[in-house]
Structure formats: C-alpha cells, structure tokens
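A.B. asks: I'm passing along start.txt; it holds compact mmCIF, C-alpha atoms.
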# COMPACT_ATOMS: atom_id res chain seq x y z
CA MET A 148 31.29 -29.30 33.36
CA GLY A 149 32.87 -29.51 30.09
CA ARG A 150 31.60 -26.07 29.06
CA ALA A 151 34.12 -24.15 27.05
CA LYS A 152 35.09 -20.98 28.83
CA LEU A 153 35.01 -17.85 26.76
CA PRO A 154 38.10 -15.81 27.33
CA ARG A 155 37.28 -12.49 28.95
CA LYS A 156 38.20 -9.67 26.71
CA SER A 157 39.01 -6.23 27.94
CA THR A 158 36.55 -3.52 26.94
CA ASN A 159 39.21 -0.88 27.05
CA ILE A 160 39.65 0.71 23.67
CA ASP A 161 42.75 2.57 22.79
CA MET A 162 41.55 6.13 22.41
CA THR A 163 44.82 7.48 21.14
CA ALA A 164 44.00 7.13 17.47
CA MET A 165 40.64 8.78 17.87
CA CYS A 166 42.24 11.58 19.85
CA ASP A 167 44.76 12.09 17.07
CA VAL A 168 42.01 12.36 14.49
CA ALA A 169 40.02 14.78 16.63
CA PHE A 170 42.91 17.13 17.12
CA LEU A 171 44.02 16.85 13.53
CA LEU A 172 40.57 17.99 12.44
CA LEU A 173 40.58 20.66 15.10
CA SER A 174 43.87 22.12 13.94
CA PHE A 175 42.68 21.99 10.34
CA PHE A 176 39.54 23.95 11.12
CA ILE A 177 41.38 26.50 13.21
CA LEU A 178 43.94 27.07 10.46
CA ALA A 179 41.34 27.13 7.69
CA ALA A 180 39.06 29.53 9.55
CA LYS A 181 39.15 33.09 8.44
CA PHE A 182 39.15 35.44 11.33
CA LYS A 183 36.65 38.23 11.39
CA PRO A 184 38.39 41.53 10.76
CA PRO A 185 37.95 43.91 13.65
CA GLU A 186 34.98 46.04 12.84
CA ALA A 187 35.13 49.66 13.72
CA LEU A 188 31.39 50.09 13.35
CA LYS A 189 29.03 47.73 15.12
CA VAL A 190 25.98 46.87 13.07
CA THR A 191 23.31 44.18 13.50
CA THR A 192 22.18 43.27 10.03
CA PRO A 193 18.64 42.12 9.23
CA ASN A 194 17.93 38.56 8.13
CA SER A 195 17.04 37.33 4.67
CA VAL A 196 16.69 34.06 2.78
CA TYR A 197 19.27 35.06 0.17
CA THR A 198 22.34 32.85 0.14
CA LYS A 199 24.73 34.76 -2.11
CA MET A 200 27.93 35.78 -0.36
CA VAL A 201 28.90 39.38 0.11
CA PRO A 202 31.76 40.38 -2.22
CA GLU A 203 35.06 41.17 -0.51
CA HIS A 204 37.12 43.02 -3.07
CA ASN A 205 36.47 46.22 -5.03
CA VAL A 206 33.70 47.12 -2.66
CA LEU A 207 32.32 50.51 -1.80
CA MET A 208 30.56 49.98 1.48
CA ILE A 209 28.01 52.31 2.96
CA THR A 210 27.31 51.55 6.60
CA ILE A 211 24.21 52.79 8.40
CA ASP A 212 24.45 52.40 12.15
CA LYS A 213 21.79 52.08 14.80
CA ALA A 214 21.32 55.83 15.09
CA GLY A 215 20.99 56.22 11.33
CA LYS A 216 24.44 57.76 10.83
CA VAL A 217 26.01 57.03 7.50
CA TYR A 218 29.65 55.97 6.98
CA LEU A 219 31.62 55.26 3.85
CA SER A 220 34.46 52.79 3.45
CA VAL A 221 36.31 51.02 0.66
CA SER A 222 37.67 47.45 0.79
CA ASP A 223 41.29 47.06 1.93
CA ASN A 224 42.95 46.06 -1.31
CA ASN A 225 41.84 49.20 -3.15
CA SER A 226 44.21 51.72 -1.63
CA ALA A 227 44.90 53.33 -5.02
CA GLU A 228 41.21 54.07 -5.45
CA LYS A 229 40.96 55.26 -1.88
CA GLN A 230 43.83 57.66 -2.55
CA GLU A 231 42.07 59.01 -5.61
CA ILE A 232 38.75 59.42 -3.78
CA ILE A 233 40.29 61.45 -1.00
CA ASN A 234 42.32 63.52 -3.50
CA THR A 235 39.20 64.34 -5.49
CA ILE A 236 37.22 65.36 -2.44
CA ASN A 237 40.15 67.37 -1.12
CA SER A 238 40.58 69.40 -4.28
CA GLN A 239 36.83 69.83 -4.89
CA LYS A 240 36.14 71.08 -1.41
CA ASN A 241 39.47 72.87 -0.74
CA LEU A 242 39.91 71.02 2.54
CA GLY A 243 43.69 71.48 2.62
CA LEU A 244 44.46 67.95 3.73
CA THR A 245 48.12 67.02 4.03
CA ASP A 246 49.53 63.92 2.35
CA GLN A 247 49.82 62.30 5.75
CA GLU A 248 46.14 62.87 6.50
CA LYS A 249 45.14 61.49 3.13
CA GLY A 250 47.34 58.49 3.84
CA PHE A 251 45.39 57.77 7.00
CA PHE A 252 42.32 57.13 4.86
CA SER A 253 44.00 55.38 1.96
CA ARG A 254 46.41 53.14 3.84
CA LEU A 255 44.71 52.13 7.07
CA PRO A 256 42.73 48.90 6.52
CA THR A 257 39.79 49.82 8.70
CA SER A 258 39.55 53.46 7.70
CA TYR A 259 36.16 54.97 7.13
CA ILE A 260 34.62 58.38 6.64
CA GLY A 261 31.95 59.40 9.07
CA VAL A 262 31.87 63.19 9.20
CA PRO A 263 30.76 66.11 7.05
CA PHE A 264 33.42 67.68 4.77
CA SER A 265 33.98 70.51 7.24
CA GLN A 266 35.13 68.15 9.99
CA LEU A 267 37.16 65.83 7.78
CA LYS A 268 40.59 67.22 8.68
CA PRO A 269 40.40 66.72 12.47
CA PHE A 270 38.62 63.41 11.90
CA LEU A 271 41.48 62.05 9.79
CA ASP A 272 44.02 63.30 12.34
CA LYS A 273 42.28 61.27 15.02
CA MET A 274 42.05 58.22 12.78
CA GLY A 275 45.84 58.24 12.40
CA VAL A 276 46.31 57.62 16.12
CA PRO A 277 45.64 54.05 17.28
CA ASP A 278 42.28 53.97 19.09
CA GLY A 279 41.99 57.68 18.37
CA LEU A 280 38.37 57.34 17.33
CA LYS A 281 37.39 55.06 20.15
CA ASP A 282 35.56 57.57 22.31
CA VAL A 283 34.84 60.17 19.66
CA VAL A 284 31.21 60.66 18.70
CA VAL A 285 31.02 61.31 14.98
CA GLY A 286 27.99 62.63 13.20
CA GLY A 287 28.09 60.54 10.05
CA ILE A 288 27.99 61.81 6.47
CA PRO A 289 24.98 64.11 6.02
CA VAL A 290 22.38 62.42 3.78
CA LYS A 291 18.95 63.22 5.13
CA ASP A 292 18.83 66.75 3.78
CA THR A 293 18.16 66.56 0.04
CA LEU A 294 19.93 69.87 -0.58
CA ASN A 295 23.03 68.91 1.34
CA ASN A 296 23.50 65.23 0.60
CA GLU A 297 27.29 64.94 0.83
CA LEU A 298 27.21 61.25 -0.01
CA ILE A 299 26.42 62.19 -3.63
CA GLU A 300 29.90 63.64 -3.99
CA TRP A 301 31.58 60.77 -2.18
CA VAL A 302 29.84 58.23 -4.41
CA ARG A 303 30.70 60.24 -7.52
CA ALA A 304 34.37 60.39 -6.46
CA ALA A 305 34.37 56.64 -5.83
CA MET A 306 32.74 55.88 -9.18
CA THR A 307 35.30 58.02 -11.00
CA ALA A 308 38.19 56.42 -9.11
CA PHE A 309 37.04 52.89 -9.88
CA ALA A 310 36.26 53.76 -13.49
CA ASN A 311 39.77 55.20 -13.93
CA SER A 312 41.46 52.11 -12.55
CA GLY A 313 39.24 49.88 -14.69
CA THR A 314 37.93 47.72 -11.84
CA PRO A 315 34.19 47.14 -11.57
CA MET A 316 32.92 48.64 -8.35
CA LYS A 317 30.49 46.70 -6.22
CA VAL A 318 28.25 48.71 -3.96
CA VAL A 319 27.15 47.25 -0.68
CA ILE A 320 24.93 48.74 2.02
CA ARG A 321 25.38 47.37 5.51
CA GLY A 322 22.54 48.72 7.54
CA ASP A 323 21.44 48.17 11.10
CA ASN A 324 18.04 46.68 11.85
CA GLU A 325 17.09 49.66 13.96
CA ALA A 326 18.23 52.40 11.60
CA LYS A 327 15.36 54.63 10.54
CA TYR A 328 14.25 54.64 6.95
CA PRO A 329 15.15 58.29 6.09
CA SER A 330 18.88 57.46 6.32
CA PHE A 331 18.46 54.60 3.89
CA GLN A 332 16.35 56.81 1.66
CA GLY A 333 19.13 59.41 1.69
CA VAL A 334 21.68 56.79 0.70
CA ILE A 335 19.65 55.46 -2.21
CA SER A 336 18.83 58.95 -3.41
CA ALA A 337 22.58 59.64 -3.47
CA PHE A 338 23.00 56.49 -5.58
CA LYS A 339 20.19 57.50 -7.91
CA LYS A 340 21.73 60.93 -8.45
CA ASN A 341 24.83 59.13 -9.71
CA ASP A 342 22.81 56.69 -11.84
CA LEU A 343 23.96 53.87 -9.63
CA LEU A 344 20.97 51.56 -9.65
CA LYS A 345 22.36 48.18 -8.69
CA PHE A 346 23.60 47.44 -5.23
CA GLN A 347 23.48 44.81 -2.54
CA LEU A 348 22.32 44.80 1.04
CA VAL A 349 24.23 42.84 3.65
CA THR A 350 22.02 40.41 5.55
CA SER A 351 22.42 37.44 7.86
CA PRO A 352 21.22 34.22 6.33
CA VAL A 353 18.12 32.44 7.62
CA SER A 354 16.48 29.34 6.23
CA ILE A 355 13.43 29.60 4.00
CA PRO A 356 10.19 29.09 5.96
CA THR A 357 8.66 25.76 5.01
CA GLY A 358 5.42 25.73 3.05
CA THR A 359 5.94 29.10 1.41
CA GLU A 360 5.97 29.78 -2.31
CA LEU A 361 9.73 30.02 -2.48
CA TRP A 362 10.09 26.82 -0.48
CA LYS A 363 7.82 24.99 -2.92
CA ALA A 364 9.74 26.41 -5.84
CA ASN A 365 12.99 25.24 -4.27
CA GLN A 366 11.54 21.79 -3.75
CA ASN A 367 10.67 21.63 -7.42
CA GLY A 368 14.09 22.93 -8.32
CA THR A 369 12.71 25.85 -10.24
CA ALA A 370 13.81 28.69 -8.00
CA LYS A 371 15.78 31.48 -9.54
CA GLY A 372 17.81 34.14 -7.87
CA VAL A 373 18.36 32.41 -4.55
CA SER A 374 21.64 30.50 -4.20
CA MET B 101 50.51 3.62 22.12
CA ALA B 102 49.45 5.58 25.12
CA GLU B 103 51.81 3.78 27.40
CA MET B 104 55.50 3.86 27.92
CA ASP B 105 57.90 1.08 28.52
CA THR B 106 58.73 1.39 32.17
CA SER B 107 60.48 -1.89 32.62
CA SER B 108 64.16 -1.24 32.82
CA GLY B 109 66.63 -3.34 30.97
CA GLY B 110 64.24 -4.99 28.54
CA GLY B 111 63.71 -8.25 30.40
CA HIS B 112 67.34 -8.40 31.44
CA LYS B 113 67.71 -10.33 34.60
CA LYS B 114 68.91 -8.38 37.54
CA GLY B 115 71.42 -9.70 39.92
CA PRO B 116 70.58 -10.71 43.47
CA GLY B 117 70.07 -7.88 45.94
CA VAL B 118 68.87 -5.40 43.35
CA LYS B 119 65.39 -4.34 44.30
CA LYS B 120 62.77 -4.46 41.62
CA GLY B 121 61.00 -1.14 41.09
CA LYS B 122 57.25 -1.40 41.11
CA LYS B 123 55.82 -1.29 37.60
CA LEU B 124 53.39 1.61 37.35
CA SER B 125 50.97 1.69 34.49
CA THR B 126 51.24 4.87 32.47
CA ARG B 127 48.01 4.26 30.58
CA VAL B 128 45.99 7.45 30.43
CA ASP B 129 42.30 7.46 29.73
CA LEU B 130 42.06 9.58 26.62
CA THR B 131 38.28 9.61 26.36
CA PRO B 132 37.78 13.10 27.91
CA MET B 133 40.47 14.49 25.65
CA VAL B 134 38.67 13.09 22.60
CA ASP B 135 35.46 14.62 23.88
CA LEU B 136 37.11 17.97 24.24
CA GLY B 137 38.63 17.72 20.79
CA PHE B 138 35.32 17.04 19.11
CA LEU B 139 33.60 19.72 21.15
CA LEU B 140 36.09 22.29 19.89
CA ILE B 141 35.70 21.03 16.31
CA THR B 142 31.94 21.47 16.50
CA PHE B 143 32.38 24.94 17.93
CA PHE B 144 34.75 26.01 15.17
CA ILE B 145 32.59 24.58 12.39
CA PHE B 146 29.55 26.43 13.69
CA THR B 147 31.23 29.75 14.22
CA THR B 148 32.90 29.79 10.81
CA THR B 149 30.01 28.86 8.55
CA MET B 150 27.23 30.56 10.44
CA SER B 151 28.70 34.03 10.54
CA GLN B 152 29.12 34.50 6.78
CA PRO B 153 26.98 37.44 5.78
CA THR B 154 24.91 37.20 2.64
CA ALA B 155 23.95 39.83 0.10
CA MET B 156 20.51 40.78 -1.05
CA PRO B 157 20.60 42.35 -4.50
CA LEU B 158 18.38 45.37 -5.02
CA ASN B 159 17.87 47.09 -8.34
CA LEU B 160 16.27 50.49 -8.51
CA PRO B 161 14.32 51.87 -11.42
CA LYS B 162 15.62 55.04 -12.98
CA ASP B 163 13.71 58.14 -12.00
CA VAL B 164 11.56 59.33 -14.86
CA ASP B 165 10.08 62.79 -14.81
CA LYS B 166 7.73 62.60 -17.77
CA PRO B 167 4.45 60.95 -16.82
CA ASP B 168 4.02 59.16 -20.14
CA GLU B 169 7.34 57.35 -19.73
CA GLN B 170 6.46 56.01 -16.34
CA ASN B 171 5.42 52.42 -15.83
CA LYS B 172 1.70 51.95 -15.83
CA VAL B 173 0.04 49.47 -13.53
CA LYS B 174 -3.48 48.14 -13.54
CA GLU B 175 -5.48 49.48 -10.65
CA SER B 176 -7.06 46.14 -9.84
CA ALA B 177 -3.70 44.37 -9.74
CA VAL B 178 -1.92 46.63 -7.29
CA LEU B 179 -1.28 45.96 -3.64
CA THR B 180 0.28 48.84 -1.73
CA ILE B 181 2.13 48.01 1.47
CA MET B 182 3.17 50.81 3.80
CA LEU B 183 5.57 50.38 6.67
CA GLY B 184 5.00 52.34 9.85
CA LYS B 185 6.14 52.57 13.43
CA ASN B 186 6.72 49.52 15.62
CA ASN B 187 7.01 47.11 12.68
CA GLN B 188 3.37 47.71 11.75
CA ILE B 189 2.21 47.22 8.20
CA TYR B 190 -0.62 49.11 6.50
CA TYR B 191 -1.97 47.97 3.18
CA TYR B 192 -4.65 48.71 0.65
CA GLU B 193 -5.65 47.33 -2.71
CA GLY B 194 -6.08 49.43 -5.80
CA MET B 195 -5.67 53.19 -5.74
CA ASP B 196 -7.73 54.27 -2.76
CA PRO B 197 -5.54 54.84 0.32
CA THR B 198 -8.56 55.48 2.55
CA LYS B 199 -9.32 51.74 2.50
CA LEU B 200 -6.23 51.30 4.61
CA GLN B 201 -6.00 48.21 6.79
CA SER B 202 -3.34 47.32 9.28
CA THR B 203 -1.48 44.10 9.90
CA SER B 204 1.88 42.90 11.11
CA PHE B 205 4.77 40.99 9.60
CA LYS B 206 3.10 37.75 10.64
CA GLY B 207 -0.07 38.49 8.73
CA VAL B 208 1.37 40.06 5.61
CA ARG B 209 2.20 36.76 3.92
CA ASP B 210 -1.44 35.69 3.77
CA ILE B 211 -2.50 39.07 2.41
CA VAL B 212 0.12 39.04 -0.34
CA LEU B 213 -0.66 35.45 -1.30
CA ASP B 214 -4.40 36.10 -1.23
CA LYS B 215 -4.05 39.07 -3.54
CA LYS B 216 -1.66 37.14 -5.75
CA ARG B 217 -4.18 34.34 -6.15
CA ARG B 218 -6.91 36.74 -7.18
CA THR B 219 -4.96 38.63 -9.81
CA ASP B 220 -3.47 37.91 -13.18
CA PRO B 221 0.23 37.08 -12.64
CA ALA B 222 1.22 39.27 -15.57
CA ASP B 223 -0.24 42.40 -13.96
CA PHE B 224 0.35 41.76 -10.26
CA VAL B 225 2.50 44.47 -8.67
CA VAL B 226 3.30 45.19 -5.06
CA ILE B 227 4.22 48.76 -4.17
CA LEU B 228 6.30 49.19 -1.03
CA LYS B 229 6.13 52.52 0.74
CA PRO B 230 8.17 52.82 3.90
CA ASP B 231 7.36 55.96 5.86
CA GLN B 232 9.62 58.15 7.99
CA ASP B 233 9.15 56.01 11.11
CA ALA B 234 9.92 52.66 9.50
CA THR B 235 13.28 51.05 10.12
CA TYR B 236 15.83 49.75 7.66
CA GLY B 237 15.24 46.26 9.04
CA ASP B 238 11.56 46.48 8.11
CA VAL B 239 12.44 47.43 4.55
CA VAL B 240 14.79 44.47 4.18
CA ASN B 241 12.23 42.16 5.77
CA ILE B 242 9.47 43.19 3.40
CA VAL B 243 11.74 42.83 0.35
CA ASP B 244 12.66 39.42 1.69
CA GLU B 245 8.97 38.63 2.11
CA MET B 246 8.49 39.42 -1.59
CA LYS B 247 11.18 36.87 -2.35
CA ILE B 248 9.58 34.29 -0.05
CA ASP B 249 6.15 34.85 -1.58
CA ASP B 250 7.63 34.67 -5.08
CA VAL B 251 6.37 38.10 -6.11
CA LYS B 252 8.10 38.93 -9.38
CA ARG B 253 7.28 42.63 -9.59
CA PHE B 254 7.56 44.98 -6.68
CA ALA B 255 8.66 48.58 -6.50
CA GLN B 256 9.81 50.78 -3.72
CA VAL B 257 8.20 54.20 -3.86
CA ASP B 258 8.30 57.21 -1.55
CA ILE B 259 5.18 57.63 0.51
CA SER B 260 2.84 60.51 -0.40
CA PRO B 261 1.98 63.09 2.30
CA MET B 262 -1.67 62.04 2.15
CA GLU B 263 -0.86 58.40 2.77
CA TYR B 264 1.55 59.33 5.53
CA SER B 265 -1.10 61.33 7.34
CA LEU B 266 -3.53 58.43 6.96
CA VAL B 267 -0.97 56.05 8.44
CA GLN B 268 -0.32 58.46 11.30
CA ARG B 269 -4.00 58.79 12.00
CA THR B 270 -4.40 55.02 12.07
CA GLU B 271 -1.40 54.74 14.36
CA GLN B 272 -2.91 57.25 16.73
CA ALA B 273 -6.25 55.45 16.67
CA ASN B 274 -4.49 52.17 17.44
CA GLY B 275 -2.46 53.78 20.20
CA ILE B 276 0.95 53.24 18.62
CA HIS B 277 3.47 55.91 19.48
In structure tokens, write the structure found in this file.
C.D. replies:
Amino acid sequence: MGRAKLPRKSTNIDMTAMCDVAFLLLSFFILAAKFKPPEALKVTTPNSVYTKMVPEHNVLMITIDKAGKVYLSVSDNNSAEKQEIINTINSQKNLGLTDQEKGFFSRLPTSYIGVPFSQLKPFLDKMGVPDGLKDVVVGGIPVKDTLNNELIEWVRAAMTAFANSGTPMKVVIRGDNEAKYPSFQGVISAFKKNDLLKFQLVTSPVSIPTGTELWKANQNGTAKGVS
Amino acid sequence: MAEMDTSSGGGHKKGPGVKKGKKLSTRVDLTPMVDLGFLLITFFIFTTTMSQPTAMPLNLPKDVDKPDEQNKVKESAVLTIMLGKNNQIYYYEGMDPTKLQSTSFKGVRDIVLDKKRRTDPADFVVILKPDQDATYGDVVNIVDEMKIDDVKRFAQVDISPMEYSLVQRTEQANGIH
C-alpha cells in the first residue's frame, strides 16, 4: 500500500543505428581492401619476424616454386623496362621474336618467363592466349648448372633496362618453403655475377617469440632493422 | 526507425461502416543483422592485414679471389651451422668439422646463444652452410633465427665437399634419408 510503482520500461533497443554503423564500416573495409592480384605461380613463402613491406613498384621478382623451378617477372607498371629486357634478350640470342610475342611479355600484367631461351618463342605464344599456360608444364629458367646459368643474362638485361630508364630496381626473391637450396644458390650466384648484392626475400610475417634476444631488445626499444 | 506508419489517414476518423484494418507491427528485430555485419567486418579486417607479405633484406659479400683480401675470423669465435635433409641442423665450433653435432630448429637457439655468451661480441661470427638437400625455407628460417638471436655477423658460405660428406655420413648414421 502506498508503494510507488515503477513504470515498466521496455528492454527493446532500437538496433537500427547499430546496424547502420556495422554496415557502414563493412562497406568501408570492403572498398578500402586491396584485392590480391591473381597469381600465376603458387608459392608458400617461409615465415620471418621482419615487418618491412614488400615493395610493389620497380621490382624484378625471381620466383622459385616448390619444385625448384625459377621464374622471372617484372612489376606491372614497368612495361617500358619489360619491353627493353625482352628486346635485349631477343637480339642477344637471335630468337626471332615478333613484336606481338614481345608484347605478350611487356604488356600482360601477370606475364613471367619460365623457360630456357630455346623455348621462349612457343612459350610467349601460349602466354598470349588466355589460360594458355594453364596446363602447360614449364621447366623454369636454367640456373643450377654454373656453366649455363641463363638467369645471369636475364638479370643483366633487367639491370641495363632499369639503369637506362633511371629508376632504381628492387630485387625480390619469392621462394617456396619446399624449394631445394641449389635453385636458390643458382639465383644468388646469378646476382653475384652481376654485382647485385642487395636483395629482399618475401616472407610471411610472424610475431617475435617472447623471451628471445630480439624480443628483449624490442622491449627496451633498442632494436634496429626490424620494423 | 525500423517501423513504418501503417495507420491510414493519420488519425482521421473513418465514417461508420468502414472496417478498421488490423494494425500489424512492422518492427523487425535487427540484432542478427548487426551480428552478421560485425562478423563480416572482422573477417575483412583479418584477411586484409594478415596477408601482407613482408620482406627480409639480405646483403651478400662480394666474392674475393685473393686470400689476403678475404675477411679473417678468429677460430675460437666461429660457430658453423650446416643445414641438411629433413630440417636437420649440424653444427661445430671452431675450424674442425669432425666435431660435428646434430640438432634441430628447436635446439639451435640455445646453441647459438650459448656460444654467443662465451665469446667476445666483437669477434663472434656464425657461418651458415646449407647443403644440397636443404630447402629454401630452412635457409630463410636460419637467417631469421640470427635476427631473433640478435647475431650481428653471419655469413652464408657454400659447403665444402668434406663437410658435405661428413653431414651425409651423420645422416646415414641417424637414419635420415
């Protein structure tokens, strides 16, 4: 008696505003996300604690796949350099490539070289057709034989092309975890022959194990090189 | 907000004989939609930031033919690590490869740190020698290990035939094929 009754309040909350926010954020992230370019060569990269990002432009990329085959590619926005590389190789080796075949390498965004010089012409013809290389087994650029390391000439052509256009070339190796060491050795010996001594290896980031030297150094804020 | 005005005529009184339509609530429970929205956001955040590859810089020394121009290292300060089949690691201290011992990637950190503690930091050098059966992943992992263990000086050198045969013999003795 005489007790004041508390009015019952509904516990329903209007979710509309929250829903709006959620979808606004969602659309922002979808639009801001950069989609992975379709990769012609599937490679599982090893892990490392390094946090520096892989450069995207002016890149000469050497890919080593699971079987140890070596491929060469140049980043998309450097079609002038690509054109010069293929011209140089064509005239040095007398391959007799047509302008159209050269264009397949220099203009296609995902183009790569994965055959010895002798098979380059049919390889480029297949690359010009959509999905033309899908079921073709290519042998990779020969590197393991020290007397016949064709990558030396490719790297030299690339260095000349980039030097002529005045853009600094960044060299990146994207190797597969399972690739055997001799392929990697062949690639770095091709670099050494061209006096190319600085390059980067593509890795997937992992966190630094706690309690290690580097971890302690990071805690003290004295680490160099990483980040 | 999530409801619509279903009452016709805005409170206008209807004449007699006009049947009133039943008012149906158009309120929709938006909670599952919010859940879905945030789930998708989380998914997109994870897939975008996690897949960015990183770069490990590697600088090679220039090949020098003349022996007197080559870098000299103190015998007592050297740890040689060789990489073999099946992610196995073989190591020895100093210049005598016959003192070879084997370990794995789990044990190599203690060995490097132990050696590091016992030697003068100015002289301490790790020599990495991957053999023909090692994988590219092993090489990257061991270079990464050098970074983790804060080893300032390490060099990658080709394995000598003698060391390779020693590694092979150890592999055979340990039953690694």
A.B. asks: What are the residues of chain B lining chain A at 8 Å or less? Count only C-alpha atoms, and put the answer as an MDAnalysis selection string.
C.D. replies: chainID B and resid 101:102 129:131 133:134 137:138 140:141 144:145 148 151:163 230:241 244 247:250
A.B. asks: List the residues sitting within 12 Å of (-4.2, 38.0, 4.1) in the file's frame, using only C-alpha atoms, as a PyMOL selection string.
C.D. replies: chain B and resi 179+189-193+201-218
A.B. asks: Please report the interatomic distance between CA of Asp246 (chain A) and CA of Ser226 (chain A) in Å with one decimal.
C.D. replies: 13.9 Å
A.B. asks: How many Å separate CA of Val285 (chain A) from CA of Lys229 (chain A)?
C.D. replies: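 These atoms are spaced 20.5 Å apart.
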A.B. asks: Report, in Å to a single decimal, how far apart CA of Asp212 (chain A) and CA of Leu242 (chain A) are.
C.D. replies: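 Pair CA of Leu242 (chain A) / CA of Asp212 (chain A) returns 26.0 Å.
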A.B. asks: Taking (19.9, 62.7, -2.0) in the file's own coordinates, collect the residues within 8 Å, counting all atoms listed in the file, and hand them back as a PyMOL selection string.
C.D. replies: chain A and resi 290-296+298-299+332-340
A.B. asks: Which residue is closest to Thr219 (chain B)? Choose from B:Asp196, B:Glu245, B:Glu175, B:Asp258 and count only C-alpha atoms.
C.D. replies: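 Between B:Asp196, B:Glu245, B:Glu175, B:Asp258, the residue approaching Thr219 (chain B) most closely is B:Glu175.
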A.B. asks: Please define a box with edges along x, y and z of the file around all atoms of region 247-255 of chain A given in the file, extend it by 3 Å on each side, and return its centre and edge lengths in Å to one decimal, as AutoDock Vina command-line options.
C.D. replies:
--center_x 46.1 --center_y 57.5 --center_z 4.5 --size_x 13.5 --size_y 16.7 --size_z 11.1
